[in-house]
$ cat structure-v3.cif   # mmCIF, C-alpha atoms
data_start
#
loop_
_atom_site.label_atom_id
_atom_site.label_comp_id
_atom_site.auth_asym_id
_atom_site.auth_seq_id
_atom_site.Cartn_x
_atom_site.Cartn_y
_atom_site.Cartn_z
CA MET A 230 106.46 6.60 24.37
CA ILE A 231 103.78 6.80 27.07
CA GLU A 232 100.47 4.99 27.25
CA LEU A 233 97.05 5.89 28.56
CA LYS A 234 93.48 4.70 28.15
CA LEU A 235 90.80 6.69 26.36
CA ASN A 236 87.32 5.29 26.86
CA GLY A 237 88.81 1.93 27.72
CA GLU A 238 91.09 1.71 24.69
CA ALA A 239 94.88 1.93 24.76
CA ASN A 240 96.43 5.10 23.31
CA ARG A 241 100.08 6.03 22.85
CA LEU A 242 101.69 9.44 23.07
CA THR A 243 105.22 10.39 22.12
CA GLN A 244 105.49 12.88 24.98
CA PRO A 245 103.50 14.36 27.87
CA THR A 246 100.58 16.26 26.38
CA ARG A 247 98.12 18.85 27.68
CA LEU A 248 94.58 17.54 28.00
CA ASP A 249 93.05 20.21 25.75
CA LYS A 250 95.54 19.41 22.97
CA PHE A 251 95.05 15.68 23.35
CA LEU A 252 91.26 16.03 23.10
CA ALA A 253 91.54 18.22 20.00
CA GLU A 254 93.89 15.70 18.37
CA LYS A 255 91.34 12.98 19.04
CA GLY A 256 88.62 15.01 17.37
CA PHE A 257 86.69 16.17 20.43
CA GLN A 258 85.50 19.66 19.58
CA GLY A 259 82.67 21.91 20.63
CA ARG A 260 80.92 21.64 23.98
CA GLY A 261 79.11 18.33 23.54
CA PHE A 262 81.34 16.26 25.78
CA ALA A 263 82.68 16.10 29.34
CA VAL A 264 85.81 14.51 30.73
CA ALA A 265 86.72 12.36 33.73
CA LEU A 266 90.34 11.59 34.55
CA ASP A 267 90.98 8.49 36.64
CA GLY A 268 87.35 8.57 37.74
CA ASP A 269 87.24 12.26 38.70
CA PHE A 270 85.36 14.91 36.72
CA VAL A 271 87.60 17.52 35.09
CA PRO A 272 85.79 20.84 34.47
CA ARG A 273 86.31 22.24 30.99
CA SER A 274 88.07 25.31 32.40
CA ARG A 275 90.81 23.08 33.79
CA TYR A 276 91.74 21.25 30.56
CA PRO A 277 94.76 23.51 29.87
CA GLU A 278 96.08 22.89 33.38
CA VAL A 279 96.13 19.10 33.09
CA THR A 280 99.07 17.31 31.53
CA LEU A 281 98.81 13.66 30.54
CA ARG A 282 102.01 11.87 31.53
CA GLY A 283 101.04 8.25 30.98
CA GLY A 284 99.12 5.66 32.94
CA GLU A 285 95.93 7.73 33.08
CA SER A 286 92.45 6.51 32.30
CA LEU A 287 90.30 9.08 30.50
CA GLU A 288 86.55 8.96 30.02
CA VAL A 289 85.08 11.34 27.44
CA LEU A 290 81.29 11.17 27.43
CA SER A 291 78.75 12.70 25.06
CA PRO A 292 74.96 13.03 24.95
CA MET A 293 73.07 9.87 24.08
CA GLN A 294 69.49 8.64 24.17
CA GLY A 295 68.39 7.67 27.66
CA GLY A 296 65.40 6.63 29.71
CA MET T 263 58.52 19.52 41.46
CA TRP T 264 55.03 20.79 40.62
CA HIS T 265 55.08 22.78 43.86
CA LEU T 266 57.81 24.96 42.32
CA PRO T 267 56.27 28.03 40.64
CA GLU T 268 58.30 27.51 37.45
CA CYS T 269 57.15 23.89 37.21
CA ARG T 270 53.48 24.29 38.03
CA ASP T 271 52.29 24.02 34.45
CA LEU T 272 54.59 21.20 33.35
CA SER T 273 53.04 18.02 32.01
CA ARG T 274 52.89 15.21 34.53
CA LEU T 275 54.26 12.89 31.90
CA LEU T 276 58.05 12.68 31.64
CA ILE T 277 59.44 10.76 28.71
CA GLY T 278 62.68 9.05 27.73
CA THR T 279 64.52 9.41 24.43
CA ALA T 280 65.77 5.82 23.97
CA LEU T 281 64.71 2.77 21.97
CA TYR T 282 62.59 4.50 19.31
CA PRO T 283 62.65 3.05 15.80
CA SER T 284 64.09 6.33 14.44
CA PRO T 285 64.95 9.87 15.59
CA GLU T 286 61.95 11.19 13.69
CA ILE T 287 59.55 8.82 15.47
CA MET T 288 61.18 9.83 18.77
CA ARG T 289 60.55 13.49 18.01
CA ARG T 290 56.95 12.92 16.95
CA SER T 291 56.31 10.71 19.98
CA ILE T 292 57.66 13.29 22.41
CA GLU T 293 55.54 15.98 20.81
CA ALA T 294 52.44 13.76 20.84
CA SER T 295 52.93 12.91 24.52
CA GLY T 296 52.78 16.55 25.57
CA ALA T 297 55.75 15.93 27.89
CA ASP T 298 57.82 18.93 28.94
CA VAL T 299 60.70 16.95 30.46
CA VAL T 300 62.83 14.45 28.54
CA THR T 301 65.54 12.16 29.87
CA VAL T 302 68.95 11.71 28.25
CA SER T 303 72.23 10.01 29.11
CA LEU T 304 75.99 10.28 28.62
CA ARG T 305 77.99 7.61 26.85
CA ARG T 306 81.38 6.94 25.30
CA GLN T 307 81.18 7.94 21.64
CA ASN T 308 83.53 8.26 18.75
CA PRO T 309 83.95 11.91 17.71
CA THR T 310 84.31 10.86 14.07
CA ASP T 311 80.72 9.59 14.21
CA GLY T 312 79.42 12.92 15.39
CA GLY T 313 80.21 12.23 19.04
CA GLY T 314 76.70 12.87 20.30
CA GLU T 315 76.56 16.42 18.93
CA GLN T 316 73.88 15.56 16.39
CA PHE T 317 71.66 13.91 18.97
CA TRP T 318 72.14 16.79 21.41
CA ASP T 319 71.29 19.35 18.70
CA TYR T 320 68.17 17.34 17.87
CA ILE T 321 67.09 17.28 21.52
CA LYS T 322 67.81 20.98 22.04
CA ASP T 323 65.58 21.80 19.09
CA LEU T 324 62.66 20.16 20.87
CA GLY T 325 62.82 22.94 23.47
CA LYS T 326 62.14 20.60 26.40
CA ARG T 327 63.58 20.58 29.89
CA ILE T 328 66.42 18.09 30.12
CA LEU T 329 66.70 15.50 32.86
CA PRO T 330 70.04 13.69 32.44
CA ASN T 331 70.44 10.28 34.04
CA THR T 332 73.34 8.32 35.50
CA ALA T 333 72.17 5.07 33.90
CA GLY T 334 74.64 2.22 34.14
CA CYS T 335 76.49 3.55 37.17
CA ARG T 336 77.16 0.85 39.75
CA SER T 337 78.97 2.80 42.44
CA VAL T 338 78.55 6.06 44.32
CA LYS T 339 81.77 7.38 42.81
CA GLU T 340 80.69 6.63 39.22
CA ALA T 341 77.27 8.18 39.72
CA ILE T 342 78.68 11.37 41.24
CA THR T 343 81.24 11.76 38.45
CA VAL T 344 78.65 11.22 35.70
CA ALA T 345 76.29 13.69 37.41
CA GLN T 346 79.05 16.30 37.41
CA MET T 347 79.77 15.63 33.74
CA ALA T 348 76.07 15.85 32.89
CA ARG T 349 75.75 19.19 34.66
CA GLU T 350 78.49 20.63 32.49
CA VAL T 351 77.30 19.18 29.17
CA PHE T 352 73.56 19.75 29.58
CA GLY T 353 73.77 22.93 31.64
CA THR T 354 71.30 21.80 34.28
CA PRO T 355 71.57 20.90 37.97
CA TRP T 356 68.82 18.32 37.51
CA ILE T 357 69.98 14.71 37.68
CA LYS T 358 68.01 11.49 37.55
CA LEU T 359 70.21 9.53 39.91
CA GLU T 360 70.61 5.82 39.24
CA VAL T 361 72.97 3.66 41.28
CA ILE T 362 72.34 0.11 40.14
CA GLY T 363 72.75 -2.67 42.69
CA ASP T 364 71.75 -5.71 40.66
CA ASP T 365 72.45 -6.38 37.01
CA TYR T 366 69.58 -8.80 36.51
CA ASN T 367 66.66 -6.59 37.48
CA LEU T 368 68.48 -3.23 37.48
CA GLN T 369 67.33 -2.69 41.05
CA PRO T 370 68.78 0.42 42.70
CA ASP T 371 71.39 -0.01 45.42
CA PRO T 372 69.60 1.68 48.33
CA VAL T 373 72.73 2.34 50.40
CA GLY T 374 74.71 3.75 47.49
CA LEU T 375 71.73 5.76 46.26
CA LEU T 376 71.31 7.57 49.57
CA GLU T 377 75.04 8.23 49.88
CA ALA T 378 75.28 9.63 46.36
CA THR T 379 72.14 11.71 46.89
CA GLU T 380 73.53 13.33 50.03
CA GLU T 381 76.79 14.24 48.30
CA LEU T 382 75.16 15.60 45.14
CA ILE T 383 72.73 17.75 47.12
CA LYS T 384 75.73 19.21 48.96
CA GLN T 385 77.14 20.05 45.54
CA GLY T 386 74.00 21.93 44.54
CA PHE T 387 72.26 19.32 42.41
CA GLU T 388 68.50 18.88 42.19
CA VAL T 389 68.43 15.12 42.64
CA PHE T 390 65.63 12.95 41.23
CA PRO T 391 66.50 9.58 42.76
CA TYR T 392 65.36 6.40 41.01
CA THR T 393 64.51 4.14 43.93
CA THR T 394 62.70 1.00 44.91
CA ASP T 395 59.23 1.36 46.43
CA ASP T 396 60.58 1.22 49.98
CA LEU T 397 58.88 3.69 52.28
CA VAL T 398 61.83 4.16 54.62
CA LEU T 399 64.32 4.69 51.81
CA CYS T 400 61.99 7.19 50.12
CA THR T 401 61.66 8.98 53.47
CA ARG T 402 65.44 9.12 53.91
CA LEU T 403 65.84 10.50 50.39
CA ALA T 404 63.28 13.20 51.16
CA GLU T 405 65.04 14.01 54.43
CA ALA T 406 68.31 14.29 52.53
CA GLY T 407 66.75 17.15 50.58
CA CYS T 408 65.15 15.59 47.50
CA LYS T 409 62.10 17.57 46.42
CA THR T 410 61.16 14.75 44.07
CA VAL T 411 61.46 11.01 44.68
CA MET T 412 60.93 8.42 41.95
CA PRO T 413 59.97 4.94 43.15
CA TRP T 414 59.76 2.18 40.58
CA ALA T 415 56.53 0.42 39.66
CA SER T 416 58.49 -2.65 38.55
CA PRO T 417 61.92 -3.26 36.97
CA ILE T 418 63.08 -0.94 34.17
CA GLY T 419 61.76 -1.94 30.78
CA SER T 420 59.69 -4.84 32.15
CA GLY T 421 56.28 -3.32 31.40
CA GLN T 422 54.96 -5.16 34.45
CA GLY T 423 53.04 -2.15 35.72
CA LEU T 424 52.37 -1.43 39.40
CA LEU T 425 53.50 -4.65 41.09
CA ASN T 426 53.03 -3.37 44.61
CA PRO T 427 50.33 -0.70 44.73
CA PHE T 428 50.15 -1.04 48.52
CA ASN T 429 53.74 0.19 48.85
CA LEU T 430 53.18 3.01 46.38
CA GLU T 431 50.04 4.17 48.18
CA MET T 432 51.83 4.05 51.52
CA ILE T 433 54.67 6.19 50.19
CA ARG T 434 52.15 8.71 48.84
CA LYS T 435 50.32 8.90 52.17
CA ARG T 436 53.48 9.22 54.26
CA LEU T 437 55.23 11.79 52.05
CA PRO T 438 52.45 14.21 51.16
CA HIS T 439 54.77 17.20 50.64
CA ILE T 440 57.22 15.51 48.25
CA SER T 441 56.70 15.27 44.50
CA LEU T 442 56.44 11.59 43.66
CA ILE T 443 56.95 10.25 40.17
CA VAL T 444 56.56 6.60 39.28
CA ASP T 445 59.65 5.73 37.28
CA ALA T 446 60.21 2.42 35.56
CA GLY T 447 57.97 -0.52 34.85
CA ILE T 448 54.96 1.31 33.43
CA GLY T 449 53.68 -0.83 30.54
CA LYS T 450 50.40 0.66 29.45
CA PRO T 451 48.33 3.82 29.88
CA SER T 452 46.09 2.24 32.54
CA ASP T 453 49.21 1.84 34.75
CA ALA T 454 49.78 5.57 34.46
CA VAL T 455 46.13 6.33 35.23
CA ARG T 456 46.37 4.19 38.35
CA ALA T 457 49.50 5.96 39.59
CA LEU T 458 47.98 9.39 39.04
CA GLU T 459 44.68 8.36 40.67
CA MET T 460 46.71 7.42 43.77
CA GLY T 461 47.98 10.97 43.93
CA TYR T 462 51.33 10.46 42.27
CA ASP T 463 52.48 13.70 40.72
CA GLY T 464 53.65 12.12 37.50
CA VAL T 465 55.07 9.13 35.67
CA LEU T 466 58.29 8.72 33.71
CA ILE T 467 58.00 6.39 30.74
CA ASN T 468 60.17 5.28 27.86
CA SER T 469 59.88 1.63 26.78
CA ALA T 470 56.08 1.67 26.98
CA VAL T 471 55.99 4.25 24.20
CA ALA T 472 59.16 3.48 22.25
CA LEU T 473 58.43 -0.25 22.00
CA ALA T 474 54.75 0.12 21.12
CA GLN T 475 53.77 -0.89 17.59
CA ASP T 476 52.83 2.74 16.99
CA PRO T 477 54.91 4.87 19.37
CA VAL T 478 53.31 8.16 18.33
CA ALA T 479 49.79 6.88 18.98
CA MET T 480 50.87 5.34 22.29
CA ALA T 481 52.47 8.63 23.35
CA THR T 482 49.13 10.33 22.69
CA ALA T 483 47.39 7.65 24.77
CA PHE T 484 49.77 8.23 27.67
CA GLY T 485 49.22 11.96 27.52
CA GLY T 486 45.48 11.37 27.89
CA ALA T 487 46.01 8.79 30.63
CA VAL T 488 48.05 11.12 32.79
CA ALA T 489 45.51 13.92 32.36
CA ALA T 490 42.61 11.57 33.22
CA GLY T 491 44.36 10.11 36.24
CA ARG T 492 45.22 13.49 37.69
CA LEU T 493 41.73 14.84 37.11
CA ALA T 494 40.26 11.76 38.81
CA TYR T 495 42.54 12.25 41.80
CA GLU T 496 41.51 15.89 42.12
CA ALA T 497 37.85 14.97 41.65
CA GLY T 498 38.04 12.43 44.49
CA VAL T 499 37.43 8.76 43.82
CA MET T 500 34.34 7.31 45.54
CA PRO T 501 34.98 4.97 48.47
CA LYS T 502 34.75 1.23 47.80
CA ARG T 503 31.82 -0.68 49.34
CA ASN T 504 31.47 -4.36 50.07
CA PHE T 505 27.82 -4.42 49.03
CA ALA T 506 25.67 -3.34 46.11
CA SER T 507 23.87 -0.04 46.17
CA PRO T 508 21.40 0.67 43.35
CA SER T 509 22.10 3.72 41.33
CA THR T 510 18.60 3.85 39.82
CA PRO T 511 16.04 5.29 42.27
CA THR T 512 14.04 2.59 44.09
CA VAL T 513 10.98 4.84 44.36
CA GLY T 514 8.43 3.71 41.77
CA THR T 515 10.17 0.43 41.02
CA PRO T 516 7.92 -1.39 38.46
CA PHE T 517 6.20 -4.66 39.29
CA TRP T 518 6.98 -4.15 42.97
CA HIS T 519 4.80 -6.42 45.09
CA GLY T 520 6.27 -5.98 48.51
CA GLU T 521 4.13 -5.58 51.59
CA PRO T 522 3.26 -1.92 52.25
CA SER T 523 5.11 -0.79 55.35
#
$ encode --input "structure-v3.cif" --output "structure tokens"
Amino acid sequence: MIELKLNGEANRLTQPTRLDKFLAEKGFQGRGFAVALDGDFVPRSRYPEVTLRGGESLEVLSPMQGG
Amino acid sequence: MWHLPECRDLSRLLIGTALYPSPEIMRRSIEASGADVVTVSLRRQNPTDGGGEQFWDYIKDLGKRILPNTAGCRSVKEAITVAQMAREVFGTPWIKLEVIGDDYNLQPDPVGLLEATEELIKQGFEVFPYTTDDLVLCTRLAEAGCKTVMPWASPIGSGQGLLNPFNLEMIRKRLPHISLIVDAGIGKPSDAVRALEMGYDGVLINSAVALAQDPVAMATAFGGAVAAGRLAYEAGVMPKRNFASPSTPTVGTPFWHGEPS
């Protein structure tokens, strides 16, 4: 079992998982979100190249009202 | 930005999308304001609640230009990362750059703001920096390549209006070739008129409309204020005098009993 944080909350995975698969499992679909991994932006085209191995901190952000 | 050919006809009122009583009142307020540019943000959201898709679809349907912000970022690194994420999600290189230096009054961190601006411009962003009304900082931001600089009138959401008009006028005089937008602190339409009369190119408002008792009516009032202020600036405001000067002709004044000269 490996652990990582998604938007500040603890998540567990049974094995290393590709970022695109992880996001789909968590319900992130479409193009209305963007991802940062350990504080660095990850372009959408790179999701299949990134494997989550535990210990990471993911931010997945979506459009919201703003001033 | 109004010096750019594609922006020449844009409204000088920019408006935020937050704090409205409902999405429908937000939509009607934005339409009533006549604004062509709306600000949005990025936040953590649960995909099972729609994950921001519904809001984004709603905003896209308005057909406005999008100016994403980096609200809440407290470091250069955070602001740069959120700007990159915003560029991908919203499909625009425009970014309203906020690097907050103080939690109490949400005052920008001037050092971090300049550093983040320089990096984002290198990365091809069109940076709209939210800054304090400091002439030297505004100058440095312009030198870094910002075509638009956005000094505050007073702290975000305070509705205090133009607390230091001297500073704002000085910035306008010293940076004649930069688009200047007053961002933050505008409380009522007369604040917007004043900024536009000074020669500011526009104002960015949110709370002043969203928190009004009737946001749609207030948005209409702001649209008129910005138009009046700009027209007054172009018309040329008369110089102030320290003495009275009668506007009614003195020739033929009734009951005049002065000595003939």
$ residues_around --input "structure-v3.cif" --residues "range 264-271 of chain A" --least-positions-apart "5" --cutoff "9 Å" --atoms "all atoms listed in the file" --output "ChimeraX atom specification"
/A:276,279,285-290 /T:339-340,342-344,346-347
$ resolve_selection --input "structure-v3.cif" --expression "the PyMOL selection byres ((chain T) within 6 of (chain A))" --output "list in words"
Gly278, Thr279, Ala280, Thr301, Val302, Ser303, Leu304, Arg305, Arg306, Pro309, Gly314, Glu315, Trp318, Thr343, Met347, Val351 and Asn468 of chain T
$ resolve_selection --input "structure-v3.cif" --expression "the PyMOL selection byres ((chain T and resi 452) around 12)" --output "number ranges by chain"
T: 421-424, 448-451, 453-459, 465, 470, 480, 483-491
$ residues_near_point --input "structure-v3.cif" --point "(76.3, -0.9, 34.4)" --cutoff "10 Å" --atoms "only C-alpha atoms" --output "number ranges by chain"
T: 332-337, 340, 361-365, 368
$ write_last_selection --input "structure-v3.cif" --atoms "C-alpha atoms" --output "PDB file, in the coordinates of the input"
ATOM      1  CA  THR T 332      73.340   8.320  35.500  1.00  0.00           C
ATOM      2  CA  ALA T 333      72.170   5.070  33.900  1.00  0.00           C
ATOM      3  CA  GLY T 334      74.640   2.220  34.140  1.00  0.00           C
ATOM      4  CA  CYS T 335      76.490   3.550  37.170  1.00  0.00           C
ATOM      5  CA  ARG T 336      77.160   0.850  39.750  1.00  0.00           C
ATOM      6  CA  SER T 337      78.970   2.800  42.440  1.00  0.00           C
ATOM      7  CA  GLU T 340      80.690   6.630  39.220  1.00  0.00           C
ATOM      8  CA  VAL T 361      72.970   3.660  41.280  1.00  0.00           C
ATOM      9  CA  ILE T 362      72.340   0.110  40.140  1.00  0.00           C
ATOM     10  CA  GLY T 363      72.750  -2.670  42.690  1.00  0.00           C
ATOM     11  CA  ASP T 364      71.750  -5.710  40.660  1.00  0.00           C
ATOM     12  CA  ASP T 365      72.450  -6.380  37.010  1.00  0.00           C
ATOM     13  CA  LEU T 368      68.480  -3.230  37.480  1.00  0.00           C
TER      14      LEU T 368
END
$ closest_residue --input "structure-v3.cif" --among "T:Gly313, T:Pro372, T:Gly325, T:Gly447" --to "Thr401 in chain T" --atoms "all atoms listed in the file"
T:Pro372
$ atom_distance --input "structure-v3.cif" --atom1 "CA of Val478 in chain T" --atom2 "CA of Leu276 in chain T"
14.8 Å
$ resolve_selection --input "structure-v3.cif" --expression "the PyMOL selection byres ((chain T and resi 356) around 6)" --output "VMD selection string"
chain T and resid 329 354 to 355 357 388
$ atom_distance --input "structure-v3.cif" --atom1 "CA of Ile418 in chain T" --atom2 "CA of Lys322 in chain T"
25.5 Å
$ atom_distance --input "structure-v3.cif" --atom1 "CA of Trp414 in chain T" --atom2 "CA of Gly296 in chain T"
21.9 Å
$ closest_residue --input "structure-v3.cif" --among "T:Ser273, T:Met460, T:Leu437, T:His519" --to "Asp298 in chain T" --atoms "only C-alpha atoms"
T:Ser273
$ closest_residue --input "structure-v3.cif" --among "T:Asp445, T:Asp476, T:Asp395, T:Asp271" --to "Met432 in chain T" --atoms "only C-alpha atoms"
T:Asp395
$ residues_around --input "structure-v3.cif" --residues "Lys409 in chain T" --least-positions-apart "5" --cutoff "10 Å" --atoms "all atoms listed in the file" --output "list in words"
Met263, Trp264, His265, Leu266, Glu388, Val389, Phe390, Pro391, Leu403, Ala404, His439, Ile440, Ser441 and Leu442 of chain T
$ axis_aligned_box --input "structure-v3.cif" --around "range 489-497 of chain T" --padding-each-side "6 Å" --output "lines of an AutoDock Vina configuration file"
center_x = 41.7
center_y = 13.0
center_z = 37.2
size_x = 19.7
size_y = 17.8
size_z = 21.8
$ residues_around --input "structure-v3.cif" --residues "Val299 in chain T" --least-positions-apart "5" --cutoff "6 Å" --atoms "only C-alpha atoms" --output "ChimeraX atom specification"
/T:276,326-328
$ write_last_selection --input "structure-v3.cif" --atoms "C-alpha atoms" --output "PDB file, keeping the file's coordinate frame"
ATOM      1  CA  LEU T 276      58.050  12.680  31.640  1.00  0.00           C
ATOM      2  CA  LYS T 326      62.140  20.600  26.400  1.00  0.00           C
ATOM      3  CA  ARG T 327      63.580  20.580  29.890  1.00  0.00           C
ATOM      4  CA  ILE T 328      66.420  18.090  30.120  1.00  0.00           C
TER       5      ILE T 328
END
$ closest_residue --input "structure-v3.cif" --among "T:Ala341, T:Val411, T:Leu375, T:Met500" --to "Asp463 in chain T" --atoms "only C-alpha atoms"
T:Val411
$ closest_residue --input "structure-v3.cif" --among "T:Glu350, T:Asp319, T:Glu381, T:Glu521" --to "Pro285 in chain T" --atoms "all atoms listed in the file"
T:Asp319
$ closest_residue --input "structure-v3.cif" --among "A:Glu238, A:Pro245, A:Leu233, A:Ala253" --to "Arg282 in chain A" --atoms "only C-alpha atoms"
A:Pro245
